[in-house]
>>> print(open('model_16.cif').read())   # mmCIF, C-alpha atoms and all ligand atoms
data_run
loop_
_atom_site.label_atom_id
_atom_site.label_comp_id
_atom_site.auth_asym_id
_atom_site.auth_seq_id
_atom_site.Cartn_x
_atom_site.Cartn_y
_atom_site.Cartn_z
CA MET A 13 40.76 13.73 45.68
CA THR A 14 38.91 10.39 45.91
CA ARG A 15 39.06 8.25 49.06
CA ILE A 16 38.60 4.51 49.03
CA ARG A 17 39.15 1.50 51.28
CA VAL A 18 40.00 -1.87 49.79
CA PRO A 19 38.89 -5.19 51.35
CA GLY A 20 40.80 -6.71 54.25
CA ASP A 21 44.16 -8.34 53.66
CA LYS A 22 43.76 -11.93 52.47
CA SER A 23 46.97 -13.30 54.02
CA ILE A 24 46.19 -11.75 57.41
CA SER A 25 42.52 -12.81 57.26
CA HIS A 26 43.45 -16.49 56.76
CA ARG A 27 45.91 -16.35 59.63
CA ALA A 28 43.56 -14.40 61.92
CA LEU A 29 40.95 -17.17 61.63
CA MET A 30 43.45 -19.99 62.09
CA LEU A 31 45.15 -18.43 65.11
CA ALA A 32 41.84 -17.39 66.70
CA ALA A 33 40.67 -21.02 66.36
CA LEU A 34 43.88 -22.29 67.99
CA GLY A 35 43.98 -19.63 70.70
CA ARG A 36 42.99 -19.93 74.35
CA GLY A 37 39.94 -17.74 74.97
CA THR A 38 38.12 -15.12 72.94
CA SER A 39 39.60 -13.37 69.89
CA ARG A 40 37.83 -10.58 68.04
CA VAL A 41 38.53 -10.09 64.34
CA ARG A 42 37.38 -6.85 62.70
CA GLY A 43 37.46 -6.04 59.01
CA ILE A 44 38.06 -9.60 57.82
CA LEU A 45 38.07 -10.14 54.07
CA GLN A 46 34.72 -11.60 53.06
CA SER A 47 35.67 -13.62 50.00
CA ALA A 48 35.65 -17.17 48.68
CA ASP A 49 39.23 -17.93 49.81
CA ILE A 50 38.51 -16.90 53.40
CA GLU A 51 35.21 -18.84 53.33
CA ALA A 52 37.35 -21.87 52.42
CA THR A 53 39.52 -21.38 55.51
CA ALA A 54 36.44 -20.90 57.71
CA ARG A 55 34.83 -24.07 56.32
CA VAL A 56 37.97 -26.16 56.80
CA LEU A 57 38.47 -24.91 60.38
CA ARG A 58 34.82 -25.76 61.16
CA ALA A 59 35.42 -29.28 59.78
CA LEU A 60 38.28 -29.52 62.30
CA GLY A 61 35.95 -28.70 65.19
CA ALA A 62 36.57 -24.94 65.52
CA THR A 63 33.61 -22.59 66.01
CA ILE A 64 33.88 -19.92 63.31
CA PRO A 65 30.84 -17.64 63.02
CA PRO A 66 29.51 -16.49 59.63
CA LEU A 67 31.99 -14.02 58.13
CA ASP A 68 29.43 -11.33 57.23
CA ALA A 69 29.73 -9.37 60.49
CA SER A 70 31.85 -6.31 61.10
CA GLU A 71 33.33 -8.04 64.17
CA LEU A 72 33.78 -11.81 64.49
CA VAL A 73 33.92 -13.16 68.03
CA ILE A 74 35.80 -16.46 68.02
CA GLU A 75 36.17 -18.78 71.01
CA GLY A 76 39.41 -20.69 70.48
CA VAL A 77 39.61 -24.43 71.11
CA GLY A 78 43.29 -24.23 72.08
CA LEU A 79 46.40 -25.73 70.48
CA ARG A 80 45.35 -29.31 71.29
CA GLY A 81 41.59 -28.82 70.95
CA LEU A 82 40.91 -29.53 67.26
CA GLN A 83 39.07 -32.71 66.23
CA PRO A 84 39.91 -35.14 63.39
CA PRO A 85 37.72 -34.23 60.39
CA SER A 86 34.99 -36.58 59.22
CA VAL A 87 34.81 -35.02 55.73
CA PRO A 88 37.48 -34.09 53.17
CA LEU A 89 38.89 -30.60 53.78
CA ASP A 90 37.67 -28.58 50.79
CA CYS A 91 40.10 -25.72 50.17
CA ALA A 92 38.32 -24.61 46.95
CA ASN A 93 40.66 -22.21 45.04
CA SER A 94 42.88 -21.28 47.98
CA GLY A 95 46.54 -22.31 48.11
CA THR A 96 47.03 -20.54 51.43
CA THR A 97 44.23 -22.58 53.02
CA ALA A 98 45.56 -25.92 51.75
CA ARG A 99 49.18 -25.35 52.69
CA LEU A 100 48.77 -23.64 56.07
CA VAL A 101 46.06 -26.02 57.25
CA ALA A 102 48.24 -28.96 56.14
CA GLY A 103 50.75 -27.73 58.73
CA ILE A 104 48.04 -27.49 61.42
CA VAL A 105 46.66 -30.98 60.62
CA ALA A 106 50.16 -32.51 60.61
CA GLY A 107 50.89 -30.95 63.99
CA ALA A 108 47.59 -32.27 65.35
CA GLY A 109 48.48 -35.74 64.02
CA PHE A 110 45.14 -36.25 62.24
CA ASP A 111 44.22 -38.34 59.27
CA ALA A 112 42.76 -35.91 56.73
CA GLU A 113 42.18 -35.57 53.01
CA PHE A 114 42.68 -32.17 51.31
CA VAL A 115 40.67 -31.44 48.17
CA GLY A 116 40.13 -28.33 46.05
CA ASP A 117 38.84 -27.04 42.73
CA ALA A 118 40.46 -27.93 39.40
CA SER A 119 42.98 -25.07 39.66
CA LEU A 120 44.12 -25.83 43.22
CA SER A 121 44.24 -29.57 42.49
CA ARG A 122 46.94 -28.90 39.87
CA ARG A 123 49.10 -26.73 42.14
CA PRO A 124 52.27 -28.20 43.70
CA MET A 125 51.82 -29.62 47.18
CA GLY A 126 55.22 -31.40 47.30
CA ARG A 127 56.64 -28.22 48.80
CA VAL A 128 54.56 -28.76 51.98
CA ALA A 129 54.51 -32.56 51.82
CA ALA A 130 58.35 -32.65 51.95
CA PRO A 131 58.84 -30.81 55.27
CA LEU A 132 55.84 -32.56 56.85
CA ARG A 133 57.36 -35.92 55.84
CA ALA A 134 60.67 -34.80 57.32
CA MET A 135 58.72 -34.15 60.54
CA GLY A 136 57.51 -37.78 60.48
CA ILE A 137 54.08 -37.55 58.83
CA GLU A 138 53.12 -39.87 55.98
CA VAL A 139 51.66 -37.92 53.06
CA THR A 140 50.09 -39.44 49.95
CA ARG A 141 49.44 -37.47 46.77
CA PRO A 142 48.50 -38.13 43.16
CA GLU A 143 51.20 -38.64 40.50
CA HIS A 144 50.92 -35.00 39.34
CA GLY A 145 51.77 -33.81 42.83
CA GLY A 146 48.69 -31.69 43.67
CA LEU A 147 45.40 -32.60 45.35
CA PRO A 148 43.77 -34.70 46.67
CA MET A 149 46.47 -35.03 49.31
CA ARG A 150 46.10 -37.24 52.39
CA LEU A 151 47.95 -36.68 55.65
CA HIS A 152 48.06 -39.82 57.79
CA ARG A 153 47.75 -40.09 61.54
CA GLY A 154 51.06 -39.66 63.31
CA SER A 155 53.09 -37.46 65.57
CA VAL A 156 55.57 -34.81 64.50
CA GLN A 157 59.16 -34.27 65.45
CA GLY A 158 61.16 -31.03 65.16
CA VAL A 159 62.82 -30.05 61.91
CA THR A 160 65.19 -27.55 60.36
CA TRP A 161 63.85 -26.87 56.87
CA ARG A 162 65.40 -25.05 53.93
CA PRO A 163 62.62 -24.61 51.34
CA ALA A 164 63.79 -24.82 47.71
CA VAL A 165 61.40 -22.01 46.72
CA ALA A 166 60.72 -18.72 48.51
CA SER A 167 57.22 -19.32 49.92
CA ALA A 168 55.49 -17.79 52.90
CA GLN A 169 52.94 -20.60 52.69
CA VAL A 170 55.62 -23.29 53.15
CA LYS A 171 57.32 -21.33 55.94
CA SER A 172 53.97 -20.87 57.68
CA ALA A 173 53.03 -24.55 57.29
CA VAL A 174 56.23 -25.63 59.07
CA LEU A 175 55.77 -23.04 61.83
CA LEU A 176 52.15 -24.08 62.40
CA ALA A 177 53.07 -27.80 62.41
CA GLY A 178 55.68 -27.07 65.10
CA LEU A 179 53.27 -24.90 67.08
CA VAL A 180 50.39 -27.39 67.10
CA GLY A 181 52.67 -30.44 67.40
CA ASN A 182 54.59 -28.87 70.31
CA VAL A 183 58.03 -29.37 68.74
CA PRO A 184 60.79 -26.90 67.83
CA VAL A 185 61.12 -25.97 64.17
CA GLU A 186 63.43 -23.78 62.15
CA VAL A 187 62.96 -22.47 58.61
CA GLN A 188 65.84 -21.01 56.59
CA GLU A 189 64.44 -19.02 53.70
CA PRO A 190 66.25 -18.67 50.36
CA VAL A 191 64.78 -15.14 49.99
CA PRO A 192 62.68 -13.39 52.66
CA THR A 193 58.90 -13.65 52.22
CA ARG A 194 55.89 -12.03 53.91
CA ASP A 195 56.22 -12.36 57.68
CA HIS A 196 52.60 -12.10 58.90
CA THR A 197 52.71 -15.53 60.56
CA GLU A 198 55.83 -14.58 62.53
CA ARG A 199 54.39 -11.24 63.66
CA MET A 200 51.06 -12.76 64.65
CA LEU A 201 52.62 -15.67 66.57
CA GLN A 202 54.92 -13.32 68.49
CA ALA A 203 51.93 -11.12 69.36
CA ARG A 204 50.23 -14.23 70.81
CA GLY A 205 53.08 -15.06 73.18
CA VAL A 206 54.97 -17.66 71.12
CA ASP A 207 58.76 -17.80 71.50
CA LEU A 208 59.62 -17.16 67.86
CA ARG A 209 62.89 -15.60 66.76
CA VAL A 210 64.07 -14.24 63.46
CA GLU A 211 67.83 -14.04 62.87
CA GLY A 212 69.00 -13.28 59.35
CA ASP A 213 67.24 -15.72 57.03
CA THR A 214 66.28 -18.12 59.85
CA VAL A 215 62.97 -18.26 61.74
CA SER A 216 62.95 -20.48 64.86
CA LEU A 217 59.93 -21.45 66.90
CA LEU A 218 60.15 -23.09 70.33
CA PRO A 219 57.37 -25.29 71.72
CA ALA A 220 54.52 -23.30 73.28
CA ALA A 221 52.16 -24.58 75.97
CA ARG A 222 49.42 -22.32 74.67
CA LEU A 223 48.58 -19.62 72.19
CA ASP A 224 47.14 -16.41 73.64
CA ALA A 225 43.93 -15.04 72.17
CA ALA A 226 44.34 -11.68 70.42
CA ASP A 227 42.12 -9.14 68.70
CA VAL A 228 42.89 -8.20 65.09
CA ASP A 229 41.92 -5.20 62.99
CA VAL A 230 42.63 -6.52 59.52
CA PRO A 231 44.23 -3.77 57.40
CA GLY A 232 43.42 -3.26 53.71
CA ASP A 233 45.11 -5.65 51.29
CA PRO A 234 48.08 -4.10 49.45
CA SER A 235 47.63 -6.67 46.67
CA SER A 236 44.08 -5.34 46.12
CA ALA A 237 45.20 -1.71 46.63
CA ALA A 238 47.75 -2.26 43.84
CA PHE A 239 44.88 -2.50 41.31
CA ILE A 240 43.62 0.93 42.37
CA ALA A 241 47.15 2.33 42.39
CA GLY A 242 47.61 0.92 38.88
CA LEU A 243 44.33 2.48 37.76
CA ALA A 244 45.49 5.86 39.09
CA ALA A 245 48.97 5.43 37.58
CA LEU A 246 47.34 4.80 34.17
CA GLY A 247 45.46 8.08 34.46
CA ALA A 248 42.06 6.37 34.49
CA LEU A 249 40.86 8.36 37.52
CA ARG A 250 41.64 11.90 36.41
CA ARG A 251 42.72 12.77 39.96
CA GLU A 252 44.68 11.50 42.94
CA VAL A 253 43.19 8.68 44.95
CA ARG A 254 43.75 8.04 48.67
CA ILE A 255 43.57 4.37 49.62
CA GLU A 256 43.11 4.36 53.37
CA ASN A 257 44.40 1.91 55.98
CA VAL A 258 46.49 -0.29 53.68
CA ASP A 259 48.96 -2.85 55.04
CA VAL A 260 52.44 -1.59 54.05
CA ASN A 261 54.47 -4.45 55.49
CA PRO A 262 57.86 -4.16 53.72
CA TRP A 263 57.60 -7.74 52.40
CA ARG A 264 54.30 -6.87 50.66
CA VAL A 265 54.90 -3.54 48.98
CA GLY A 266 57.28 -4.36 46.13
CA GLY A 267 54.38 -3.57 43.77
CA PHE A 268 54.08 -0.02 45.13
CA ARG A 269 57.85 0.43 44.83
CA ALA A 270 57.75 -0.82 41.21
CA LEU A 271 54.90 1.58 40.31
CA ARG A 272 56.90 4.46 41.76
CA ARG A 273 59.96 3.37 39.78
CA MET A 274 57.82 3.35 36.62
CA GLY A 275 57.05 7.01 37.27
CA ALA A 276 53.64 6.85 38.98
CA LEU A 277 52.86 9.15 41.85
CA LEU A 278 52.71 7.01 44.98
CA ARG A 279 53.36 8.07 48.55
CA TYR A 280 52.41 7.04 52.06
CA GLU A 281 50.61 9.31 54.51
CA ASP A 282 49.27 8.71 58.04
CA GLU A 283 51.74 5.88 58.69
CA ALA A 284 50.96 3.91 61.85
CA LEU A 285 51.37 0.51 63.48
CA GLN A 286 48.16 -1.48 63.78
CA GLY A 287 48.36 -4.75 65.72
CA GLY A 288 51.99 -5.28 64.74
CA GLU A 289 51.55 -4.45 61.04
CA PRO A 290 52.58 -1.11 59.48
CA VAL A 291 49.63 0.61 57.78
CA ALA A 292 49.31 3.83 55.77
CA THR A 293 47.12 5.83 53.45
CA VAL A 294 48.53 5.17 49.99
CA VAL A 295 48.13 8.25 47.79
CA CYS A 296 48.40 7.50 44.06
CA GLY A 297 48.19 9.36 40.81
CA PRO A 298 49.38 9.35 37.21
CA GLY A 299 52.89 9.98 35.95
CA ALA A 300 54.95 9.66 32.77
CA LEU A 301 55.32 5.88 32.84
CA GLN A 302 58.58 4.16 31.82
CA GLY A 303 59.31 0.45 31.47
CA ILE A 304 61.47 -1.08 34.23
CA SER A 305 63.33 -4.30 35.05
CA ILE A 306 62.10 -6.32 38.01
CA ALA A 307 64.86 -8.42 39.52
CA PRO A 308 64.52 -11.93 41.03
CA GLU A 309 65.18 -10.79 44.61
CA GLU A 310 62.22 -8.35 44.44
CA VAL A 311 59.79 -11.01 43.27
CA PRO A 312 58.46 -12.35 46.63
CA SER A 313 57.49 -8.79 47.66
CA LEU A 314 55.36 -8.30 44.52
CA ILE A 315 54.51 -11.82 43.38
CA ASP A 316 50.72 -11.29 43.39
CA GLU A 317 51.06 -7.82 41.84
CA LEU A 318 52.86 -8.97 38.66
CA PRO A 319 49.69 -9.29 36.50
CA LEU A 320 48.80 -5.69 37.42
CA LEU A 321 52.37 -4.47 36.80
CA ALA A 322 52.24 -6.17 33.37
CA VAL A 323 49.14 -4.20 32.34
CA VAL A 324 50.68 -0.95 33.59
CA ALA A 325 53.79 -1.85 31.54
CA ALA A 326 51.49 -2.11 28.51
CA ARG A 327 51.08 1.70 28.74
CA ALA A 328 54.66 2.57 29.78
CA ALA A 329 57.29 3.85 27.36
CA GLY A 330 59.78 1.14 26.37
CA GLU A 331 60.20 -2.34 27.71
CA THR A 332 59.42 -3.97 31.06
CA ARG A 333 61.26 -7.20 31.88
CA VAL A 334 60.48 -9.54 34.77
CA THR A 335 62.79 -12.46 35.63
CA GLY A 336 63.08 -14.88 38.55
CA ALA A 337 59.30 -15.26 38.73
CA ALA A 338 58.82 -18.91 37.68
CA GLU A 339 56.49 -19.22 40.71
CA LEU A 340 53.90 -17.35 38.62
CA ARG A 341 53.46 -20.54 36.61
CA VAL A 342 52.01 -22.38 39.65
CA LYS A 343 49.50 -19.85 40.93
CA GLU A 344 45.72 -20.03 40.29
CA SER A 345 46.69 -20.18 36.60
CA ASP A 346 50.01 -20.11 34.76
CA ARG A 347 50.18 -16.33 35.17
CA ILE A 348 53.12 -15.93 32.77
CA ALA A 349 51.15 -17.57 29.95
CA ALA A 350 47.87 -15.87 30.94
CA VAL A 351 49.38 -12.36 31.12
CA VAL A 352 51.25 -12.71 27.83
CA SER A 353 48.31 -14.19 25.90
CA GLY A 354 45.95 -11.60 27.44
CA LEU A 355 48.22 -8.71 26.41
CA ARG A 356 48.60 -10.11 22.89
CA ALA A 357 44.82 -10.53 22.63
CA VAL A 358 44.37 -6.78 23.16
CA GLY A 359 47.20 -5.76 20.81
CA VAL A 360 50.24 -5.37 23.07
CA TYR A 361 53.66 -6.89 22.30
CA ALA A 362 54.48 -9.39 25.03
CA GLU A 363 56.78 -12.36 25.23
CA GLU A 364 57.09 -15.27 27.66
CA LEU A 365 60.38 -16.06 29.36
CA PRO A 366 60.77 -19.35 31.25
CA ASP A 367 60.73 -17.38 34.52
CA GLY A 368 59.01 -14.13 33.61
CA PHE A 369 57.92 -11.96 30.72
CA VAL A 370 58.74 -8.96 28.55
CA VAL A 371 56.13 -6.29 27.70
CA ARG A 372 56.53 -3.35 25.29
CA GLY A 373 54.30 -0.40 26.01
CA SER A 374 51.92 1.01 23.43
CA ASP A 375 49.72 4.12 23.36
CA ARG A 376 47.25 2.76 20.79
CA PRO A 377 43.69 1.97 21.94
CA LEU A 378 43.64 -1.61 23.24
CA THR A 379 40.67 -3.81 22.43
CA GLY A 380 39.86 -7.48 22.71
CA ARG A 381 38.67 -10.34 24.88
CA VAL A 382 40.90 -11.85 27.55
CA VAL A 383 40.81 -15.42 28.86
CA THR A 384 41.22 -15.37 32.65
CA HIS A 385 41.53 -19.14 33.26
CA GLY A 386 39.33 -18.46 36.30
CA ASP A 387 42.19 -16.49 37.89
CA HIS A 388 41.04 -13.48 39.93
CA ARG A 389 44.25 -11.50 39.49
CA ILE A 390 44.21 -11.91 35.69
CA ALA A 391 40.57 -10.75 35.60
CA MET A 392 41.22 -7.69 37.79
CA ALA A 393 44.44 -6.70 35.98
CA PHE A 394 42.66 -6.64 32.61
CA GLY A 395 39.67 -4.96 34.24
CA VAL A 396 42.04 -2.12 35.17
CA LEU A 397 43.52 -1.92 31.65
CA GLY A 398 39.99 -1.97 30.20
CA ALA A 399 38.99 0.99 32.41
CA VAL A 400 41.57 3.27 30.77
CA PRO A 401 39.68 5.70 28.49
CA GLY A 402 39.92 4.60 24.86
CA ASN A 403 40.39 0.89 25.63
CA ALA A 404 37.62 -1.70 25.21
CA ILE A 405 38.55 -4.96 26.91
CA THR A 406 36.27 -7.75 28.12
CA VAL A 407 37.23 -10.73 30.27
CA ASP A 408 35.65 -14.17 29.89
CA ASP A 409 34.99 -14.78 33.60
CA PRO A 410 34.49 -11.60 35.66
CA SER A 411 32.99 -13.59 38.56
CA CYS A 412 36.33 -15.18 39.54
CA CYS A 413 37.15 -11.95 41.44
CA ALA A 414 35.05 -13.41 44.27
CA VAL A 415 38.19 -15.23 45.42
CA SER A 416 39.77 -12.06 46.81
CA TRP A 417 37.52 -9.05 46.02
CA PRO A 418 33.85 -9.88 45.39
CA SER A 419 32.77 -6.28 44.77
CA PHE A 420 35.68 -5.46 42.44
CA TRP A 421 33.61 -4.63 39.32
CA ASP A 422 31.14 -2.44 41.24
CA ASP A 423 34.01 -0.63 42.98
CA LEU A 424 35.80 -0.14 39.66
CA GLN A 425 32.64 1.20 38.05
CA ARG A 426 32.02 3.60 40.93
CA LEU A 427 35.60 4.89 40.94
CA THR A 428 35.85 5.44 37.20
CA HIS A 429 32.40 7.08 36.90
CA ASP A 430 32.68 9.33 39.96
O1 LIG B 1 51.30 -16.79 52.66
C1 LIG B 1 50.44 -16.19 51.99
O2 LIG B 1 49.42 -15.69 52.51
C2 LIG B 1 50.65 -16.07 50.53
C3 LIG B 1 51.90 -16.33 50.00
C4 LIG B 1 52.19 -16.27 48.55
O3 LIG B 1 52.24 -17.59 48.05
P1 LIG B 1 53.56 -18.52 48.13
O4 LIG B 1 53.87 -18.84 49.53
O5 LIG B 1 53.18 -19.76 47.35
O6 LIG B 1 54.63 -17.72 47.46
C5 LIG B 1 51.14 -15.47 47.79
O7 LIG B 1 51.30 -15.65 46.41
C6 LIG B 1 49.73 -15.86 48.20
O8 LIG B 1 48.79 -15.08 47.53
C7 LIG B 1 49.51 -15.66 49.68
C1 LIG B 2 48.33 -16.92 44.81
C2 LIG B 2 47.27 -16.45 45.46
O1 LIG B 2 46.60 -17.06 46.51
P1 LIG B 2 46.64 -18.56 47.01
O2 LIG B 2 48.05 -19.11 46.82
O3 LIG B 2 46.23 -18.52 48.45
O4 LIG B 2 45.63 -19.34 46.19
C3 LIG B 2 46.74 -15.10 45.11
O5 LIG B 2 45.81 -14.63 45.79
O6 LIG B 2 47.19 -14.46 44.14
#
>>> encode(input="model_16.cif", output="structure tokens", more="lines below")
Ligand SMILES: O=C(O)C1=C[C@@H](OP(=O)(O)O)[C@@H](O)[C@H](O)C1
Ligand SMILES: C=C(OP(=O)(O)O)C(=O)O
Amino acid sequence: MTRIRVPGDKSISHRALMLAALGRGTSRVRGILQSADIEATARVLRALGATIPPLDASELVIEGVGLRGLQPPSVPLDCANSGTTARLVAGIVAGAGFDAEFVGDASLSRRPMGRVAAPLRAMGIEVTRPEHGGLPMRLHRGSVQGVTWRPAVASAQVKSAVLLAGLVGNVPVEVQEPVPTRDHTERMLQARGVDLRVEGDTVSLLPAARLDAADVDVPGDPSSAAFIAGLAALGALRREVRIENVDVNPWRVGGFRALRRMGALLRYEDEALQGGEPVATVVCGPGALQGISIAPEEVPSLIDELPLLAVVAARAAGETRVTGAAELRVKESDRIAAVVSGLRAVGVYAEELPDGFVVRGSDRPLTGRVVTHGDHRIAMAFGVLGAVPGNAITVDDPSCCAVSWPSFWDDLQRLTHD
């Protein structure tokens, strides 16, 4: 039995920094993800006047500036490769009423920002964007009013942007989600004393005079753990692996459920609640893998796991079909195109659908070179498939893993050569 811990959850790490910066008093954050995306959030918060210490400590001690304590930035807010940074901080900046320009790398600059610009405009903020709809995006000075927003796409980033705009702008907001998405923002705001209610598909936030400071122990990221679970499911580890202290929030674990449905061994042990989030040891191992269908309503709970599920499907008997996942086309890369061309490059039958893909499993040795388009999840998914004995797969840009898991290749090497 091998034990491993994966890096801290990326979604919770972003939010822990933002809410610590906006809190009243001292917050301690332990186990934060140290990766390029979280560095982007730290940098942007510093540009807004928050004091965020270097991230390379086991415990960060953050003195919050309070809900009205941020300062207008004097430099563009560089969100690098991170959609979560751009969209959540857009909500904070709108609420604060600042003039600010958001910039990012080539990938982020192409990603749709209309989905956050629209509710922020409805709240009274002028937003200017390039023709193609991405970055650079400028939010103009103004003051927000309350809103009831029904996002057209299921997006925790859009929901969180509206909630943060209401929180910082001191106005009531309501978000009605088309399909439920990860609820870390809601849990973390409630834990900090905000009057936030969830009824059915509606999240409502009432104005708050202040945000309490709170300590966070960031659990392991289930989206990172999924790569290890996939590796175990594919039989690349020769034995069971125990991934300790993983976030098992129900809105995040669709990938684990899908692996189990495909026939992998996957169970939770040591279940507990840690700072409002369910955590568990995820025990994984191989099984006789079968292709499955993944339905549209499951997609938000496994959206970031789909590249990994595609490579597991490449070794499952029969066909795997994913639909209702058009959102994959607007992630760090067009993940439908990247997954399908990557699978074809190593000799697997795969087909694009407008909103998903079809993969037919094969038990032949898989060899070839995969183009990642600088997308960390494409690189790690094919890294997992390449680690299966008999396969020989290289990726063009291994370093892009730094976005969410900088030590991925070393960890993979250690696990598979143990
Ligand atoms: O809120 C978050 O932390 C995230 C939400 C998801 O994006 P969308 O809100 O665009 O679906 C997910 O893909 C991303 O990795 C992180
Ligand atoms: C989509 C992702 O992140 P973000 O939207 O924050 O860039 C991801 O990590 O897969």
>>> atom_distance(input="model_16.cif", atom1="CA of Cys413 in chain A", atom2="CA of Pro401 in chain A")
22.0 Å
>>> residues_around(input="model_16.cif", residues="Pro65 in chain A", least_positions_apart="6", cutoff="9 Å", atoms="only C-alpha atoms", output="list in words")
Ala54, Leu72, Val73 and Ile74 of chain A
>>> closest_residue(input="model_16.cif", among="A:Val87, A:Leu278, A:Met30, A:Ala168", to="ligand LIG 2 (chain B)", atoms="all atoms listed in the file")
A:Ala168
>>> atom_distance(input="model_16.cif", atom1="atom C3 of ligand LIG 1 (chain B)", atom2="CA of Asp68 in chain A")
24.1 Å
>>> closest_atom_pairs(input="model_16.cif", of="chain A", to="ligand LIG 2 (chain B)", cutoff="8 Å", atoms="all atoms listed in the file", output="tab-separated table")
residue	atom	partner	partner_atom	distance
A:Lys22	CA	B:LIG2	O5	7.5
A:Ser23	CA	B:LIG2	O3	7.7
A:Asp49	CA	B:LIG2	O3	7.2
A:Asn93	CA	B:LIG2	O4	5.9
A:Ser94	CA	B:LIG2	O4	3.8
A:Gly95	CA	B:LIG2	O4	3.7
A:Thr96	CA	B:LIG2	O3	3.7
A:Thr97	CA	B:LIG2	O3	6.4
A:Leu120	CA	B:LIG2	O4	7.3
A:Gln169	CA	B:LIG2	O2	7.8
A:Ile315	CA	B:LIG2	O6	7.8
A:Asp316	CA	B:LIG2	O6	4.8
A:Lys343	CA	B:LIG2	C1	5.0
A:Glu344	CA	B:LIG2	O4	5.9
A:His388	CA	B:LIG2	O6	7.5
A:Arg389	CA	B:LIG2	O6	6.2
A:Val415	CA	B:LIG2	O5	7.7
A:Ser416	CA	B:LIG2	O5	6.6
>>> write_last_selection(input="model_16.cif", atoms="C-alpha atoms", output="CSV table (one decimal), keeping the file's coordinate frame")
chain,number,residue,atom,x,y,z
A,22,LYS,CA,43.8,-11.9,52.5
A,23,SER,CA,47.0,-13.3,54.0
A,49,ASP,CA,39.2,-17.9,49.8
A,93,ASN,CA,40.7,-22.2,45.0
A,94,SER,CA,42.9,-21.3,48.0
A,95,GLY,CA,46.5,-22.3,48.1
A,96,THR,CA,47.0,-20.5,51.4
A,97,THR,CA,44.2,-22.6,53.0
A,120,LEU,CA,44.1,-25.8,43.2
A,169,GLN,CA,52.9,-20.6,52.7
A,315,ILE,CA,54.5,-11.8,43.4
A,316,ASP,CA,50.7,-11.3,43.4
A,343,LYS,CA,49.5,-19.8,40.9
A,344,GLU,CA,45.7,-20.0,40.3
A,388,HIS,CA,41.0,-13.5,39.9
A,389,ARG,CA,44.2,-11.5,39.5
A,415,VAL,CA,38.2,-15.2,45.4
A,416,SER,CA,39.8,-12.1,46.8
>>> residues_near_ligand(input="model_16.cif", ligand="ligand LIG 1 (chain B)", cutoff="10 Å", atoms="only C-alpha atoms and all ligand atoms", output="ChimeraX atom specification")
/A:21-27,94-97,99-100,123-125,127,165-173,193-197,235,264,311-317,339-340,342-344,389,416
>>> atom_distance(input="model_16.cif", atom1="CA of Gly116 in chain A", atom2="CA of Val383 in chain A")
21.5 Å
>>> closest_residue(input="model_16.cif", among="A:Ala404, A:Ala237, A:Ala108, A:Ala203", to="Asn182 in chain A", atoms="all atoms listed in the file")
A:Ala108
>>> closest_residue(input="model_16.cif", among="A:Gly373, A:Val191, A:Gly81, A:Leu34", to="Leu176 in chain A", atoms="all atoms listed in the file")
A:Leu34
>>> closest_residue(input="model_16.cif", among="A:Gly287, A:Gly146, A:Gly380, A:Pro366", to="Val41 in chain A", atoms="all atoms listed in the file")
A:Gly287
>>> closest_residue(input="model_16.cif", among="A:Leu57, A:Ile390, A:Leu318, A:Val334", to="Gly266 in chain A", atoms="all atoms listed in the file")
A:Leu318
>>> closest_residue(input="model_16.cif", among="A:Ser353, A:Asn257, A:Gln425, A:Gln46", to="Pro231 in chain A", atoms="all atoms listed in the file")
A:Asn257
>>> residues_around(input="model_16.cif", residues="range 301-306 of chain A", least_positions_apart="2", cutoff="12 Å", atoms="all atoms listed in the file", output="ChimeraX atom specification")
/A:242,244-247,266-267,269-277,297-299,308-315,317-318,321-337,367-375
>>> residues_around(input="model_16.cif", residues="Arg204 in chain A", least_positions_apart="3", cutoff="6 Å", atoms="all atoms listed in the file", output="MDAnalysis selection string")
chainID A and resid 201 223:224
>>> write_last_selection(input="model_16.cif", atoms="C-alpha atoms", output="PDB file, in the coordinates of the input")
ATOM      1  CA  LEU A 201      52.620 -15.670  66.570  1.00  0.00           C
ATOM      2  CA  LEU A 223      48.580 -19.620  72.190  1.00  0.00           C
ATOM      3  CA  ASP A 224      47.140 -16.410  73.640  1.00  0.00           C
TER       4      ASP A 224
END
>>> residues_near_point(input="model_16.cif", point="(43.3, -30.3, 67.9)", cutoff="10 Å", atoms="all atoms listed in the file", output="PyMOL selection string")
chain A and resi 33-34+60-62+77-84+104-105+107-110+180-181
>>> residues_around(input="model_16.cif", residues="Val291 in chain A", least_positions_apart="5", cutoff="9 Å", atoms="only C-alpha atoms", output="JSON, numbers by chain")
{"A": [231, 232, 256, 257, 258, 259, 260, 261, 282, 283, 284, 285, 286]}
